[in-house]
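Comments concern the structure below.
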Amino acid sequence: MATKTPLPSMDFYQDNANLKWIILAVSTIISIGSVYYTNILVEQLKEREINQVKLYARALEYTINESDDNILFITEEILNKNTSIPTILINEKDEFIFYNNINISPTWSEQRKKEMLAREVKEMKKIFPPIEIILKDAGVVFGKQYVCYKNSALLSQLIAYPYIQLSVIAIFGFISYLAFNYSKIAEQNRVWVGLAKETAHQLGTPLSSLMAWIEVLRDDPEISKKGVVEELDKDIQKLRMVTERFSSIGSTPTLKEENVYLLIKNVVEYLKPRVSSKINFEVYTLSETIKARVHAPLFEWVIENLCKNAVDAMGSNGTIAIKILRGSEGKVLIDLSDTGKGIPKGIISSVFKPGFTTKKRGWGLGLTLAKRIIELYHEGSIFVKSSDENLGTTFRIELKSA
Ligand SMILES: Nc1ncnc2c1ncn2[C@@H]1O[C@H](COP(=O)(O)OP(=O)(O)OP(=O)(O)O)[C@@H](O)[C@H]1O
Ligand SMILES: [Mg+2]
C-alpha cells in the first residue's frame, strides 16, 4: 500500500515564524552592538579632543601673558598643530578675536563673517562650556577671554556613521526581501497554474470517452432498465465539474454576473446528502436575486471548501449558517459560520498558508485555494471574521458588486 509523504505542516510554519524572529533578534543585537561600540570610540575621541582644546587654551593664555623664548615653540607645536577642532576665541562681550578651522571664505564681507561666527559661538556654547583664559599684566588680572569649540568634523562623522551604515543595510535588506518574496510568489503561481492545467488535461481524455460509452449503454435496453446509466451520468457530471474547476484555475477565468444565492444553494444541496444528517444548513439572504460578478465553478469550489472545513470542525452535528449581505459600495458579503471547535488565536494568521493543516488527513490547501480564487480571480477578499474556541468560526468573503 502506498504511504503518504507528510507535507510540511504546522511545525514547518512554527519553525519558519521562529526563524523570522531569530533573524530579527540577531540583527537588532548586531545593530545595538555596532552603535554601542562606535559610541565608546566616540567618547574616547571626544575626551582626547577636549584635552587637546584645554592644552590649546592654556598655550594661548601663556603666549598672551608671557614673553619669553618658549613662545615660538608653543605657537609652532601647539597652536598651529590644531588643524581639525573648530575653535573661536572671544572676549567678555562675545566679540570674536580669532578663529580656527571654521569654514569661512576669504571673499565674504566682514558683516557676513561676523554673523557666521556669532552663530557658531552660540552653537558651541550649547555643546561645551567655553574655556576661560585669564589675562594678566605683570601679575595683575585685567580681563578674560574664552575659547569656544565643538567636535571636529571627523568626530561628527564618526557619530553619524553607524546610523548611516545601519540605514543602508536596512534598505538593502528590505529590497532583497521584496525581491525574494516576488520571485517566490511568481514560482508558486507557475506551479499552481501548471499543475491545474495538467490535471484538467489528463482528466479530459478519459472523460470524453466515458461520455461516449454512456451513450452506448443508454442504447442497451437491458442496462437502461436498471437505472445504472443515471447513476453513471451523475458521476460523470461530477467529474466534469472537477475538470472545469481545474481548467479554470489554470487559465484566466472570465467573470459573469451570477445569482449568488442560487450558487450557494446549489453547493448546499450537493453537500447535504454527503454529510451527517445531524448537520443543519441555513442560508439567509435579504434578496433571492442578489448578484455579483463571479466565475460560478470556482466560486462554488470556495463555498464547498469552507463548508467542508466547517463540517470537519463540528464533528457529527452542528449548524452551518450562510448569510448573504450587502456591504458598502454595493459589495456582496458572505458570512459562513459554523458551531465547531473554533480556531485557536495563535494560528488564525496561518490558516491561509499553503500546507498549513491541523488535520491528520488534511493537505492544508482548501483555504489557500479559496484565498487564491477570491483575491486573484475575483479581486475580493476572504478572512476569518471571528472565531471562538468551542463556539465556532465565521469566515467572511467580500465580492465586488455586479
Ligand atoms: N471552520 C473552521 N473551524 C476550525 N478550524 C478551521 C476551520 N477552517 C479551517 N480551519 C483550520 O485551518 C486549517 C487549514 O484549512 P485548509 O482548508 O486550508 O486545510 P485542511 O482542511 O486542513 O486540508 P484540505 O482542505 O487541504 O483537505 C485546518 O487544518 C484547520 O485547522
Ligand atoms: Mg479544508
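Labels for the C-alpha cells follow display order: chains A, B, ..., residues from 1 in each chain, ligands from 1.
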How would you write, as a PDB file with C-alpha atoms, in the first residue's frame, the set of residues no farther than 6 Å from ligand 2 when counting only C-alpha atoms and all ligand atoms?
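Result file part_9.pdb:
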```pdb
ATOM      1  CA  ASN A 305     -14.145  24.138   0.795  1.00  0.00           C
ATOM      2  CA  ASN A 309     -13.832  22.760   6.878  1.00  0.00           C
ATOM      3  CA  GLY A 366      -8.510  24.251   0.919  1.00  0.00           C
TER       4      GLY A 366
END
```
Review point. Mind listing the residues within 6 Å of ligand 1, only C-alpha atoms and all ligand atoms counted, as a ChimeraX atom specification?
Key: /A:309-310,313,340-343,351-352,356-359,362-368,393
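Distance annotation: of A:Ser316, A:Leu369, A:Ala57, A:Lys323, the residue with the minimal separation from Val193 of chain A is A:Leu369; atom set is only C-alpha atoms.
For segment 290-341 of chain A, backbone-based DSSP assignment of strand (DSSP E or B) covers A:Lys291, A:Ala292, A:Arg293, A:Val294, A:Gly318, A:Thr319, A:Ile320, A:Ala321, A:Ile322, A:Lys323, A:Ile324, A:Leu325, A:Arg326, A:Val332, A:Leu333, A:Ile334, A:Asp335, A:Leu336, A:Ser337.
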